file my_file_15.cif (mmCIF, C-alpha atoms)
data_model
loop_
_atom_site.label_atom_id
_atom_site.label_comp_id
_atom_site.auth_asym_id
_atom_site.auth_seq_id
_atom_site.Cartn_x
_atom_site.Cartn_y
_atom_site.Cartn_z
CA MET A 1 53.55 306.55 -59.87
CA ALA A 2 52.77 309.95 -58.37
CA GLN A 3 53.94 310.55 -54.84
CA PRO A 4 51.30 311.71 -52.34
CA THR A 5 51.46 315.42 -51.59
CA MET A 6 51.96 316.75 -48.09
CA PRO A 7 48.33 318.00 -47.78
CA ALA A 8 47.11 314.53 -48.80
CA VAL A 9 49.34 312.89 -46.20
CA ILE A 10 48.17 315.30 -43.51
CA GLY A 11 44.55 314.73 -44.50
CA GLY A 12 45.01 310.98 -44.33
CA LEU A 13 46.65 311.17 -40.91
CA LYS A 14 43.87 313.43 -39.67
CA ALA A 15 41.19 311.02 -40.93
CA ALA A 16 43.00 308.06 -39.32
CA PHE A 17 43.30 309.94 -36.02
CA LEU A 18 39.59 310.80 -36.03
CA CYS A 19 38.66 307.18 -36.79
CA ILE A 20 40.82 305.93 -33.91
CA LEU A 21 39.24 308.45 -31.57
CA TYR A 22 35.76 307.43 -32.70
CA MET A 23 36.56 303.76 -32.11
CA THR A 24 37.83 304.41 -28.57
CA VAL A 25 35.86 307.35 -27.14
CA GLY A 26 32.40 305.79 -27.53
CA PRO A 27 33.28 302.47 -25.86
CA ALA A 28 35.19 304.32 -23.14
CA LEU A 29 32.08 306.39 -22.38
CA ILE A 30 29.89 303.27 -22.20
CA VAL A 31 32.27 301.54 -19.79
CA THR A 32 32.71 304.71 -17.71
CA ASN A 33 28.97 305.33 -17.38
CA LYS A 34 28.34 301.69 -16.52
CA THR A 35 31.06 301.84 -13.85
CA ILE A 36 29.62 305.02 -12.34
CA MET A 37 26.07 303.66 -12.21
CA ARG A 38 26.73 300.11 -11.05
CA GLU A 39 30.07 300.04 -9.26
CA LEU A 40 30.32 303.53 -7.79
CA GLY A 41 26.67 303.53 -6.70
CA PHE A 42 25.23 306.37 -8.79
CA PRO A 43 22.25 304.70 -10.58
CA PHE A 44 20.81 307.85 -12.12
CA PRO A 45 20.96 307.68 -15.94
CA MET A 46 19.18 311.02 -16.53
CA LEU A 47 21.64 312.99 -14.42
CA LEU A 48 24.56 311.15 -15.98
CA SER A 49 23.25 311.74 -19.51
CA ALA A 50 22.73 315.43 -18.74
CA LEU A 51 26.40 315.73 -17.83
CA GLY A 52 27.70 315.11 -21.36
CA VAL A 53 24.94 317.02 -23.16
CA THR A 54 25.25 320.06 -20.90
CA CYS A 55 29.03 320.15 -21.29
CA SER A 56 28.66 319.88 -25.08
CA ALA A 57 26.27 322.83 -25.07
CA LEU A 58 28.61 324.83 -22.83
CA VAL A 59 31.60 324.16 -25.11
CA ALA A 60 29.64 325.42 -28.11
CA ARG A 61 28.42 328.51 -26.24
CA ILE A 62 31.91 329.35 -24.97
CA LEU A 63 33.45 328.99 -28.44
CA VAL A 64 30.83 331.31 -29.91
CA ALA A 65 31.01 333.81 -27.02
CA THR A 66 34.82 334.08 -27.33
CA GLY A 67 34.69 334.50 -31.09
CA VAL A 68 36.49 331.24 -31.85
CA ALA A 69 33.44 330.01 -33.78
CA THR A 70 30.27 331.56 -35.15
CA VAL A 71 26.63 330.63 -35.67
CA ARG A 72 25.11 332.04 -38.85
CA GLN A 73 22.42 334.65 -38.30
CA GLU A 74 19.87 332.86 -40.47
CA LYS A 75 20.20 329.76 -38.27
CA ARG A 76 19.58 331.83 -35.16
CA GLU A 77 16.51 333.41 -36.71
CA PHE A 78 15.16 330.05 -37.85
CA VAL A 79 14.89 328.85 -34.22
CA ALA A 80 14.24 332.18 -32.51
CA GLY A 81 11.23 332.93 -30.32
CA ALA A 82 8.28 330.57 -30.60
CA ASN A 83 10.11 328.59 -33.28
CA TRP A 84 12.40 327.20 -30.57
CA TYR A 85 9.44 325.53 -28.88
CA ARG A 86 8.00 324.22 -32.16
CA ARG A 87 11.18 323.13 -33.94
CA VAL A 88 13.95 322.54 -31.40
CA LEU A 89 12.29 321.48 -28.15
CA PRO A 90 10.52 318.37 -29.59
CA VAL A 91 13.82 317.16 -31.07
CA GLY A 92 15.55 317.87 -27.75
CA MET A 93 12.94 315.89 -25.83
CA LEU A 94 13.44 312.83 -28.02
CA HIS A 95 17.20 313.18 -27.83
CA ALA A 96 16.95 313.30 -24.04
CA ALA A 97 14.77 310.18 -24.02
CA THR A 98 17.27 308.37 -26.25
CA LEU A 99 20.19 309.16 -23.95
CA ALA A 100 18.36 308.45 -20.69
CA CYS A 101 16.99 305.10 -21.86
CA GLY A 102 20.31 304.24 -23.49
CA ASN A 103 22.13 304.71 -20.19
CA ALA A 104 19.43 303.08 -18.08
CA VAL A 105 19.67 299.85 -20.06
CA TYR A 106 23.18 299.24 -18.66
CA LEU A 107 21.70 299.02 -15.17
CA HIS A 108 19.87 295.85 -16.22
CA LEU A 109 21.72 294.27 -19.17
CA GLY A 110 25.34 293.47 -19.92
CA VAL A 111 27.51 295.43 -22.34
CA SER A 112 27.79 292.52 -24.79
CA PHE A 113 24.03 291.90 -24.96
CA VAL A 114 23.25 295.60 -25.43
CA GLN A 115 25.62 295.85 -28.39
CA MET A 116 23.95 292.82 -29.96
CA LEU A 117 20.54 294.44 -29.56
CA LYS A 118 21.79 297.62 -31.24
CA ALA A 119 21.87 295.73 -34.54
CA PHE A 120 18.06 296.03 -34.43
CA THR A 121 18.20 299.84 -34.76
CA PRO A 122 17.80 299.94 -38.60
CA VAL A 123 14.55 297.97 -38.26
CA VAL A 124 13.07 300.56 -35.92
CA VAL A 125 14.27 303.45 -38.09
CA LEU A 126 12.85 301.86 -41.24
CA ALA A 127 9.51 301.10 -39.58
CA THR A 128 9.27 304.69 -38.38
CA MET A 129 10.04 306.10 -41.83
CA VAL A 130 7.45 303.81 -43.42
CA ALA A 131 4.82 304.70 -40.82
CA LEU A 132 5.39 308.41 -41.50
CA ARG A 133 5.31 307.78 -45.26
CA LEU A 134 8.85 309.00 -45.72
CA GLU A 135 9.93 305.78 -47.39
CA SER A 136 8.70 302.82 -49.40
CA PRO A 137 11.25 300.03 -48.86
CA ARG A 138 12.33 297.74 -51.69
CA LYS A 139 12.03 293.99 -51.34
CA GLU A 140 15.82 293.63 -50.98
CA VAL A 141 15.76 295.95 -47.96
CA LEU A 142 12.86 294.03 -46.44
CA ALA A 143 14.77 290.77 -46.90
CA ALA A 144 17.81 292.22 -45.13
CA VAL A 145 15.60 293.53 -42.32
CA SER A 146 14.11 290.05 -41.94
CA PHE A 147 17.58 288.68 -41.20
CA ILE A 148 18.10 291.41 -38.58
CA VAL A 149 14.78 290.55 -36.93
CA LEU A 150 15.53 286.82 -36.96
CA GLY A 151 19.00 287.34 -35.58
CA THR A 152 17.74 289.61 -32.80
CA LEU A 153 15.08 287.06 -31.81
CA VAL A 154 17.69 284.29 -31.62
CA THR A 155 20.06 286.52 -29.64
CA THR A 156 17.36 287.53 -27.17
CA ALA A 157 16.01 284.01 -26.72
CA ALA A 158 19.51 282.71 -25.98
CA ALA A 159 20.36 285.39 -23.41
CA PRO A 160 21.42 283.73 -20.09
CA GLU A 161 19.85 286.51 -17.99
CA LEU A 162 16.98 288.31 -19.67
CA ARG A 163 15.46 291.22 -17.76
CA PRO A 164 12.29 292.60 -19.33
CA ILE A 165 12.90 296.06 -17.88
CA GLY A 166 16.25 296.18 -19.69
CA ILE A 167 14.61 295.18 -23.00
CA LEU A 168 11.98 297.87 -22.40
CA PHE A 169 14.62 300.57 -21.91
CA MET A 170 16.48 299.38 -25.02
CA ALA A 171 13.28 299.53 -27.09
CA GLY A 172 12.55 302.99 -25.70
CA ALA A 173 16.00 304.25 -26.72
CA GLU A 174 15.69 302.90 -30.27
CA VAL A 175 12.14 304.17 -30.80
CA ALA A 176 13.02 307.62 -29.42
CA GLU A 177 16.06 307.85 -31.70
CA ALA A 178 14.06 306.80 -34.77
CA LEU A 179 11.38 309.38 -33.97
CA ARG A 180 14.05 312.03 -33.44
CA LEU A 181 15.51 311.38 -36.89
CA ALA A 182 12.08 311.52 -38.50
CA LEU A 183 10.99 314.60 -36.55
CA THR A 184 14.19 316.38 -37.54
CA GLN A 185 13.14 315.97 -41.17
CA PHE A 186 9.75 317.54 -40.53
CA LEU A 187 10.86 320.41 -38.30
CA LEU A 188 14.38 321.22 -39.49
CA THR A 189 14.06 320.44 -43.20
CA ALA A 190 16.81 321.96 -45.38
CA GLN A 191 18.68 323.36 -42.35
CA LYS A 192 22.29 322.35 -42.87
CA PHE A 193 23.76 322.93 -39.42
CA THR A 194 27.50 322.74 -38.91
CA VAL A 195 28.81 320.58 -36.07
CA LEU A 196 29.04 323.54 -33.73
CA GLU A 197 25.71 325.04 -34.80
CA GLY A 198 24.00 321.73 -34.07
CA GLN A 199 25.47 321.62 -30.58
CA TYR A 200 24.81 325.34 -30.00
CA ILE A 201 21.15 325.13 -31.03
CA LEU A 202 20.05 321.56 -30.23
CA SER A 203 22.10 320.49 -27.19
CA PRO A 204 20.61 323.06 -24.76
CA ALA A 205 17.13 321.67 -25.46
CA GLY A 206 18.27 318.13 -24.65
CA SER A 207 20.04 319.39 -21.54
CA VAL A 208 16.97 321.28 -20.31
CA CYS A 209 14.75 318.21 -20.81
CA LEU A 210 17.16 315.86 -19.04
CA LEU A 211 17.73 318.19 -16.09
CA ALA A 212 14.01 318.92 -15.71
CA ALA A 213 13.10 315.22 -15.75
CA ALA A 214 15.97 314.35 -13.41
CA ALA A 215 14.93 317.08 -10.95
CA VAL A 216 11.53 315.42 -10.60
CA ILE A 217 12.40 311.72 -10.94
CA GLU A 218 16.00 311.20 -9.80
CA ALA A 219 17.24 314.14 -7.74
CA PRO A 220 14.99 313.55 -4.67
CA ARG A 221 16.13 309.94 -4.40
CA ALA A 222 19.77 310.96 -4.96
CA LEU A 223 19.52 313.49 -2.12
CA GLU A 224 17.79 311.02 0.15
CA THR A 225 20.44 308.31 -0.36
CA GLY A 226 23.41 310.67 -0.35
CA ALA A 227 24.36 309.63 -3.87
CA PHE A 228 25.73 313.09 -4.69
CA ASP A 229 28.58 312.36 -2.27
CA VAL A 230 29.88 309.96 -4.92
CA VAL A 231 30.56 312.94 -7.19
CA LEU A 232 32.83 314.45 -4.52
CA GLN A 233 34.48 311.12 -3.77
CA GLU A 234 35.11 310.16 -7.42
CA PRO A 235 35.49 313.45 -9.32
CA ALA A 236 37.83 311.91 -11.91
CA ALA A 237 35.18 309.44 -13.06
CA PHE A 238 32.56 312.14 -13.55
CA CYS A 239 35.02 314.48 -15.30
CA ALA A 240 35.94 311.62 -17.61
CA ALA A 241 32.26 310.98 -18.35
CA ALA A 242 31.75 314.67 -19.16
CA LEU A 243 34.78 314.89 -21.47
CA LEU A 244 33.95 311.62 -23.21
CA GLY A 245 30.36 312.78 -23.64
CA VAL A 246 31.57 315.94 -25.38
CA GLY A 247 33.83 313.84 -27.58
CA VAL A 248 31.02 311.51 -28.61
CA ASN A 249 28.69 314.40 -29.45
CA TYR A 250 31.23 316.05 -31.77
CA LEU A 251 33.30 313.17 -33.15
CA SER A 252 30.64 311.43 -35.24
CA TYR A 253 30.12 314.51 -37.37
CA PHE A 254 33.85 315.10 -37.82
CA VAL A 255 34.33 311.48 -38.93
CA ILE A 256 31.48 311.82 -41.45
CA GLY A 257 33.18 314.90 -42.85
CA ALA A 258 36.57 313.18 -43.05
CA VAL A 259 35.71 309.71 -44.40
CA GLY A 260 31.96 309.70 -45.16
CA ALA A 261 28.83 308.21 -43.60
CA LEU A 262 29.38 304.72 -45.04
CA THR A 263 32.79 304.41 -43.39
CA LEU A 264 31.26 305.67 -40.15
CA LYS A 265 28.73 302.82 -40.26
CA VAL A 266 31.50 300.28 -40.86
CA LEU A 267 33.48 301.69 -37.94
CA GLY A 268 30.38 301.66 -35.77
CA THR A 269 29.77 297.99 -36.54
CA LEU A 270 33.39 297.07 -35.77
CA ARG A 271 33.19 299.09 -32.57
CA ASN A 272 30.09 297.20 -31.44
CA ILE A 273 31.77 293.86 -32.19
CA GLY A 274 34.76 294.99 -30.13
CA LEU A 275 32.46 295.88 -27.22
CA VAL A 276 30.84 292.45 -27.40
CA ALA A 277 34.29 290.88 -27.13
CA TYR A 278 35.27 293.28 -24.33
CA GLY A 279 32.18 292.42 -22.32
CA ALA A 280 32.84 288.69 -22.67
CA VAL A 281 36.60 288.68 -22.12
CA VAL A 282 37.26 291.59 -19.75
CA LEU A 283 33.97 291.98 -17.88
CA GLY A 284 33.31 288.24 -17.71
CA GLU A 285 29.81 288.43 -19.19
CA VAL A 286 28.34 285.16 -20.42
CA VAL A 287 27.93 285.06 -24.21
CA THR A 288 26.52 281.79 -25.55
CA GLY A 289 27.09 280.22 -28.94
CA ARG A 290 23.46 280.74 -29.91
CA GLN A 291 23.80 284.44 -29.10
CA CYS A 292 26.84 284.68 -31.38
CA LEU A 293 24.88 282.90 -34.12
CA GLY A 294 21.98 285.33 -33.75
CA TYR A 295 24.36 288.29 -33.74
CA ALA A 296 26.03 286.99 -36.91
CA LEU A 297 22.62 286.80 -38.61
CA SER A 298 21.82 290.35 -37.51
CA LEU A 299 25.15 291.64 -38.77
CA GLY A 300 24.62 289.89 -42.09
CA GLY A 301 21.24 291.55 -42.42
CA PHE A 302 22.73 294.88 -41.37
CA VAL A 303 25.42 294.66 -44.07
CA GLY A 304 22.79 293.82 -46.68
CA TYR A 305 20.54 296.62 -45.45
CA ASN A 306 23.27 299.23 -45.82
CA HIS A 307 24.37 297.81 -49.18
CA TYR A 308 20.92 298.13 -50.74
CA ARG A 309 20.21 301.48 -49.11
CA THR A 310 23.51 302.83 -50.46
CA LYS A 311 22.67 301.54 -53.96
CA VAL A 312 19.31 303.30 -53.85
CA ASN A 313 20.82 306.58 -52.63
CA LEU A 314 23.57 306.52 -55.28
CA LYS A 315 21.28 305.57 -58.15
CA PRO A 316 20.65 308.66 -60.30
CA LYS A 317 17.03 309.70 -60.49
CA PRO A 318 16.06 311.23 -63.85
CA GLU A 319 14.18 314.49 -63.70
CA PRO A 320 10.69 314.29 -65.18
CA LYS A 321 10.23 316.29 -68.35
CA PRO A 322 7.06 318.37 -68.58
CA LYS A 323 5.04 317.88 -71.73
CA HIS A 324 4.30 321.61 -72.07
CA LYS A 325 5.10 324.82 -70.26
CA HIS A 326 1.89 324.79 -68.19
CA SER A 327 2.91 321.56 -66.46
CA LEU A 328 6.19 323.01 -65.12
CA THR A 329 4.74 324.30 -61.84
CA LEU A 330 2.96 321.02 -61.12
CA THR A 331 6.11 318.98 -61.84
CA LEU A 332 8.24 321.07 -59.51
CA TYR A 333 5.62 320.79 -56.79
CA ARG A 334 5.47 317.04 -57.02
CA THR A 335 9.23 316.61 -56.74
CA LYS A 336 9.35 318.21 -53.31
CA VAL A 337 8.02 315.23 -51.37
CA PRO A 338 10.40 312.64 -52.87
CA SER A 339 13.34 314.98 -52.20
CA ARG A 340 12.38 315.12 -48.52
CA ALA A 341 12.12 311.34 -48.39
CA VAL A 342 15.57 310.97 -49.96
CA GLU A 343 16.99 313.43 -47.43
CA ALA A 344 15.33 311.51 -44.59
CA LYS A 345 16.88 308.24 -45.78
CA LYS A 346 20.33 309.81 -45.96
CA THR A 347 20.03 311.27 -42.47
CA ALA A 348 18.72 308.01 -41.00
CA ASP A 349 21.50 306.02 -42.66
CA ALA A 350 24.18 308.39 -41.45
CA GLU A 351 22.94 308.76 -37.86
CA ALA A 352 21.25 305.47 -36.97
CA GLU A 353 24.51 303.97 -35.72
CA LEU A 354 25.94 307.07 -34.03
#
call {"tool": "encode", "arguments": {"input": "my_file_15.cif", "output": "C-alpha cells"}}
result
Amino acid sequence: MAQPTMPAVIGGLKAAFLCILYMTVGPALIVTNKTIMRELGFPFPMLLSALGVTCSALVARILVATGVATVRQEKREFVAGANWYRRVLPVGMLHAATLACGNAVYLHLGVSFVQMLKAFTPVVVLATMVALRLESPRKEVLAAVSFIVLGTLVTTAAAPELRPIGILFMAGAEVAEALRLALTQFLLTAQKFTVLEGQYILSPAGSVCLLAAAAVIEAPRALETGAFDVVLQEPAAFCAAALLGVGVNYLSYFVIGAVGALTLKVLGTLRNIGLVAYGAVVLGEVVTGRQCLGYALSLGGFVGYNHYRTKVNLKPKPEPKPKHKHSLTLTLYRTKVPSRAVEAKKTADAEAEL
C-alpha cells in the first residue's frame, strides 16, 4: 500500500482546516449579529450587514493595491464604465437585500427556527430558475421538492411563536438570493471570477447599496436613539462581526476549491443542524417534536434534491451530430442556451446553501 506523500498530507490538512473554519465561522457570525441586535441594543440589520461586506471589499482592494493579489485586466474592462451599472449594480442590490433581510429575521425569529426554514431555499431557487426558463425539472426533483415544502409547512405550523414579519423577512432573503443567482447568469455569463476578483468587483456594489439604504432608513433612528454609542461601548463585538463577515465571504469559495461544491452542501446541512441544536440547548429556544419531524422531512427532501441534481449534472450529454455541413452553424447556435442552463444549475447548487 502506497504511503501518502507530503503534499497530499498537507493538502488534506489544509482541506480539513478550511472545513472546520467553515463550520464555525458562519454560526459564530449568526450568534454575534443576533447578540448585537437583540442584547446589545443595536437593531439595525442594514448597518450590521454593511460592516462585513464593506470590510470584505476593503480587504480585496488593499491586497490589490499593495500588489499581494491582482485582478485580471479583462475582468476590469468587462465591468468598466456603464457596464458596472448594468452588470454589477443589480447583482449588488440583490446581494444587499439578501443580507439585510437575512439579518433582520433574527430580530423576530429564533436561531433554531430560522435554520429550519433555510431548508426551503432550494425550492425558491428552483422556482426562480423555472420561471426564467433556465431549467426544466425532472419528476424526481419535483418529488424531492414536495418533501421540502411539506416539511417546511409542518415546521412552520408547529412553531410555538410565529411572527409573520419574521416569515416575511425570511421569504425576502430567499427570494432575493434566488434572483441574485439567476441574474448573475444573465449579466455575468462566462465570467470566471477568482475569490478575490469577486470580492473586488462585486462587494463594493453590495456595500454601496446597504450603506445608501441604511442612511435613509436606519441611520436617522440610530442617531435619534443614541444607538451608535453601542459601537463605542462594545467595540470587540463589532470588530468580531466585521472579521467573521470577511471570513464568511471568502471561506465558502475556498472550501469549494478544496473539497468541492457537494461537500460544501453536506457541511452546510450539518452546520444548520448544529445551529438548531445550539438554539435549543444553549439559547433555550423551544423546539417541538412536530418541528423536528417537519425538519426531518425537509432534510430528506433536500438530500434527494441534491442527489438527483448531482446525477443530472454528472450525466454526460452527447453532442448532436449535424447531418451535413450546412447545419453546423445552426447546431452550434442551439447548444448555447442549454449550456447556460447547465451553468445556472451548477451555480445555484453550489451557492444556494452558502
call {"tool": "closest_residue", "arguments": {"input": "my_file_15.cif", "among": "A:Ala127, A:Ile165, A:Val25, A:Ala50", "to": "Ala214 of chain A", "atoms": "all atoms listed in the file"}}
result
A:Ala50
call {"tool": "closest_residue", "arguments": {"input": "my_file_15.cif", "among": "A:Gln73, A:Asn83, A:Gln185, A:Ser207", "to": "Ala100 of chain A", "atoms": "all atoms listed in the file"}}
result
A:Ser207
call {"tool": "residues_around", "arguments": {"input": "my_file_15.cif", "residues": "Leu29 of chain A", "least_positions_apart": "4", "cutoff": "7 Å", "atoms": "all atoms listed in the file", "output": "list of chain:residue names"}}
result
A:Val25, A:Asn33, A:Ala241, A:Leu244, A:Gly245
call {"tool": "residues_near_point", "arguments": {"input": "my_file_15.cif", "point": "(21.5, 302.4, -22.8)", "cutoff": "9 Å", "atoms": "only C-alpha atoms", "output": "PyMOL selection string"}}
result
chain A and resi 30+45+98-107+109+114+166+169-170+173
call {"tool": "residues_around", "arguments": {"input": "my_file_15.cif", "residues": "segment 55-64 of chain A", "least_positions_apart": "5", "cutoff": "8 Å", "atoms": "all atoms listed in the file", "output": "list in words"}}
result
Ala69, Thr70, Val71, Leu196, Glu197, Gln199, Tyr200, Ser203, Pro204, Ser207, Ala242, Leu243, Gly245, Val246 and Asn249 of chain A
call {"tool": "closest_residue", "arguments": {"input": "my_file_15.cif", "among": "A:Tyr250, A:Tyr22, A:Tyr278, A:Phe120", "to": "Thr156 of chain A", "atoms": "only C-alpha atoms"}}
result
A:Phe120
call {"tool": "resolve_selection", "arguments": {"input": "my_file_15.cif", "expression": "the PyMOL selection byres ((chain A and resi 90) around 9)", "output": "NGL selection string"}}
result
:A and (85-89 or 91-95 or 180 or 183-184 or 187 or 205)
call {"tool": "residues_around", "arguments": {"input": "my_file_15.cif", "residues": "Val141 of chain A", "least_positions_apart": "2", "cutoff": "12 Å", "atoms": "all atoms listed in the file", "output": "PDB file with C-alpha atoms, in the frame of the given file"}}
result
ATOM      1  CA  PRO A 122      17.800 299.940 -38.600  1.00  0.00           C
ATOM      2  CA  VAL A 123      14.550 297.970 -38.260  1.00  0.00           C
ATOM      3  CA  LEU A 126      12.850 301.860 -41.240  1.00  0.00           C
ATOM      4  CA  ALA A 127       9.510 301.100 -39.580  1.00  0.00           C
ATOM      5  CA  GLU A 135       9.930 305.780 -47.390  1.00  0.00           C
ATOM      6  CA  SER A 136       8.700 302.820 -49.400  1.00  0.00           C
ATOM      7  CA  PRO A 137      11.250 300.030 -48.860  1.00  0.00           C
ATOM      8  CA  ARG A 138      12.330 297.740 -51.690  1.00  0.00           C
ATOM      9  CA  LYS A 139      12.030 293.990 -51.340  1.00  0.00           C
ATOM     10  CA  ALA A 143      14.770 290.770 -46.900  1.00  0.00           C
ATOM     11  CA  ALA A 144      17.810 292.220 -45.130  1.00  0.00           C
ATOM     12  CA  VAL A 145      15.600 293.530 -42.320  1.00  0.00           C
ATOM     13  CA  SER A 146      14.110 290.050 -41.940  1.00  0.00           C
ATOM     14  CA  PHE A 147      17.580 288.680 -41.200  1.00  0.00           C
ATOM     15  CA  ILE A 148      18.100 291.410 -38.580  1.00  0.00           C
ATOM     16  CA  GLY A 301      21.240 291.550 -42.420  1.00  0.00           C
ATOM     17  CA  PHE A 302      22.730 294.880 -41.370  1.00  0.00           C
ATOM     18  CA  VAL A 303      25.420 294.660 -44.070  1.00  0.00           C
ATOM     19  CA  GLY A 304      22.790 293.820 -46.680  1.00  0.00           C
ATOM     20  CA  TYR A 305      20.540 296.620 -45.450  1.00  0.00           C
ATOM     21  CA  ASN A 306      23.270 299.230 -45.820  1.00  0.00           C
ATOM     22  CA  HIS A 307      24.370 297.810 -49.180  1.00  0.00           C
ATOM     23  CA  TYR A 308      20.920 298.130 -50.740  1.00  0.00           C
ATOM     24  CA  ARG A 309      20.210 301.480 -49.110  1.00  0.00           C
ATOM     25  CA  THR A 310      23.510 302.830 -50.460  1.00  0.00           C
ATOM     26  CA  LYS A 311      22.670 301.540 -53.960  1.00  0.00           C
ATOM     27  CA  VAL A 312      19.310 303.300 -53.850  1.00  0.00           C
TER      28      VAL A 312
END
call {"tool": "residues_around", "arguments": {"input": "my_file_15.cif", "residues": "Ala237 of chain A", "least_positions_apart": "4", "cutoff": "10 Å", "atoms": "all atoms listed in the file", "output": "tab-separated table (two decimals) with C-alpha atoms, in the frame of the given file"}}
result
chain	number	residue	atom	x	y	z
A	32	THR	CA	32.71	304.71	-17.71
A	33	ASN	CA	28.97	305.33	-17.38
A	35	THR	CA	31.06	301.84	-13.85
A	36	ILE	CA	29.62	305.02	-12.34
A	40	LEU	CA	30.32	303.53	-7.79
A	230	VAL	CA	29.88	309.96	-4.92
A	231	VAL	CA	30.56	312.94	-7.19
A	233	GLN	CA	34.48	311.12	-3.77
A	241	ALA	CA	32.26	310.98	-18.35
A	242	ALA	CA	31.75	314.67	-19.16
call {"tool": "atom_distance", "arguments": {"input": "my_file_15.cif", "atom1": "atom CA of Met116 of chain A", "atom2": "atom CA of Pro164 of chain A"}}
result
15.8 Å
call {"tool": "atom_distance", "arguments": {"input": "my_file_15.cif", "atom1": "atom CA of Ala240 of chain A", "atom2": "atom CA of Ile20 of chain A"}}
result
17.9 Å
call {"tool": "decode", "arguments": {"input": "my_file_15.cif", "residues": "segment 214-220 of chain A", "atoms": "all heavy atoms", "output": "PDB file, in the first residue's frame"}}
result
ATOM      1  N   ALA A 214     -29.292  52.162   4.373  1.00  0.00           N
ATOM      2  CA  ALA A 214     -29.205  52.384   5.818  1.00  0.00           C
ATOM      3  C   ALA A 214     -29.199  53.871   6.145  1.00  0.00           C
ATOM      4  O   ALA A 214     -29.764  54.296   7.164  1.00  0.00           O
ATOM      5  CB  ALA A 214     -27.951  51.711   6.367  1.00  0.00           C
ATOM      6  N   ALA A 215     -28.564  54.685   5.301  1.00  0.00           N
ATOM      7  CA  ALA A 215     -28.522  56.132   5.541  1.00  0.00           C
ATOM      8  C   ALA A 215     -29.911  56.744   5.536  1.00  0.00           C
ATOM      9  O   ALA A 215     -30.182  57.708   6.260  1.00  0.00           O
ATOM     10  CB  ALA A 215     -27.647  56.797   4.479  1.00  0.00           C
ATOM     11  N   VAL A 216     -30.806  56.169   4.753  1.00  0.00           N
ATOM     12  CA  VAL A 216     -32.173  56.696   4.658  1.00  0.00           C
ATOM     13  C   VAL A 216     -33.092  56.060   5.698  1.00  0.00           C
ATOM     14  O   VAL A 216     -33.904  56.749   6.340  1.00  0.00           O
ATOM     15  CB  VAL A 216     -32.736  56.464   3.239  1.00  0.00           C
ATOM     16  CG1 VAL A 216     -34.193  56.903   3.152  1.00  0.00           C
ATOM     17  CG2 VAL A 216     -31.893  57.192   2.213  1.00  0.00           C
ATOM     18  N   ILE A 217     -32.959  54.753   5.906  1.00  0.00           N
ATOM     19  CA  ILE A 217     -33.933  54.015   6.714  1.00  0.00           C
ATOM     20  C   ILE A 217     -33.509  53.876   8.169  1.00  0.00           C
ATOM     21  O   ILE A 217     -34.320  54.051   9.084  1.00  0.00           O
ATOM     22  CB  ILE A 217     -34.169  52.621   6.100  1.00  0.00           C
ATOM     23  CG1 ILE A 217     -34.736  52.763   4.680  1.00  0.00           C
ATOM     24  CG2 ILE A 217     -35.124  51.798   6.964  1.00  0.00           C
ATOM     25  CD1 ILE A 217     -34.841  51.459   3.925  1.00  0.00           C
ATOM     26  N   GLU A 218     -32.226  53.577   8.409  1.00  0.00           N
ATOM     27  CA  GLU A 218     -31.801  53.215   9.767  1.00  0.00           C
ATOM     28  C   GLU A 218     -31.003  54.305  10.483  1.00  0.00           C
ATOM     29  O   GLU A 218     -31.153  54.488  11.696  1.00  0.00           O
ATOM     30  CB  GLU A 218     -30.971  51.926   9.721  1.00  0.00           C
ATOM     31  CG  GLU A 218     -31.758  50.696   9.316  1.00  0.00           C
ATOM     32  CD  GLU A 218     -30.929  49.440   9.349  1.00  0.00           C
ATOM     33  OE1 GLU A 218     -29.673  49.532   9.388  1.00  0.00           O
ATOM     34  OE2 GLU A 218     -31.509  48.341   9.329  1.00  0.00           O
ATOM     35  N   ALA A 219     -30.138  54.993   9.770  1.00  0.00           N
ATOM     36  CA  ALA A 219     -29.231  55.948  10.421  1.00  0.00           C
ATOM     37  C   ALA A 219     -29.969  57.042  11.208  1.00  0.00           C
ATOM     38  O   ALA A 219     -29.561  57.371  12.334  1.00  0.00           O
ATOM     39  CB  ALA A 219     -28.289  56.568   9.391  1.00  0.00           C
ATOM     40  N   PRO A 220     -31.039  57.664  10.676  1.00  0.00           N
ATOM     41  CA  PRO A 220     -31.727  58.691  11.466  1.00  0.00           C
ATOM     42  C   PRO A 220     -32.237  58.162  12.805  1.00  0.00           C
ATOM     43  O   PRO A 220     -32.105  58.855  13.835  1.00  0.00           O
ATOM     44  CB  PRO A 220     -32.891  59.105  10.553  1.00  0.00           C
ATOM     45  CG  PRO A 220     -32.412  58.796   9.171  1.00  0.00           C
ATOM     46  CD  PRO A 220     -31.605  57.546   9.316  1.00  0.00           C
TER      47      PRO A 220
END
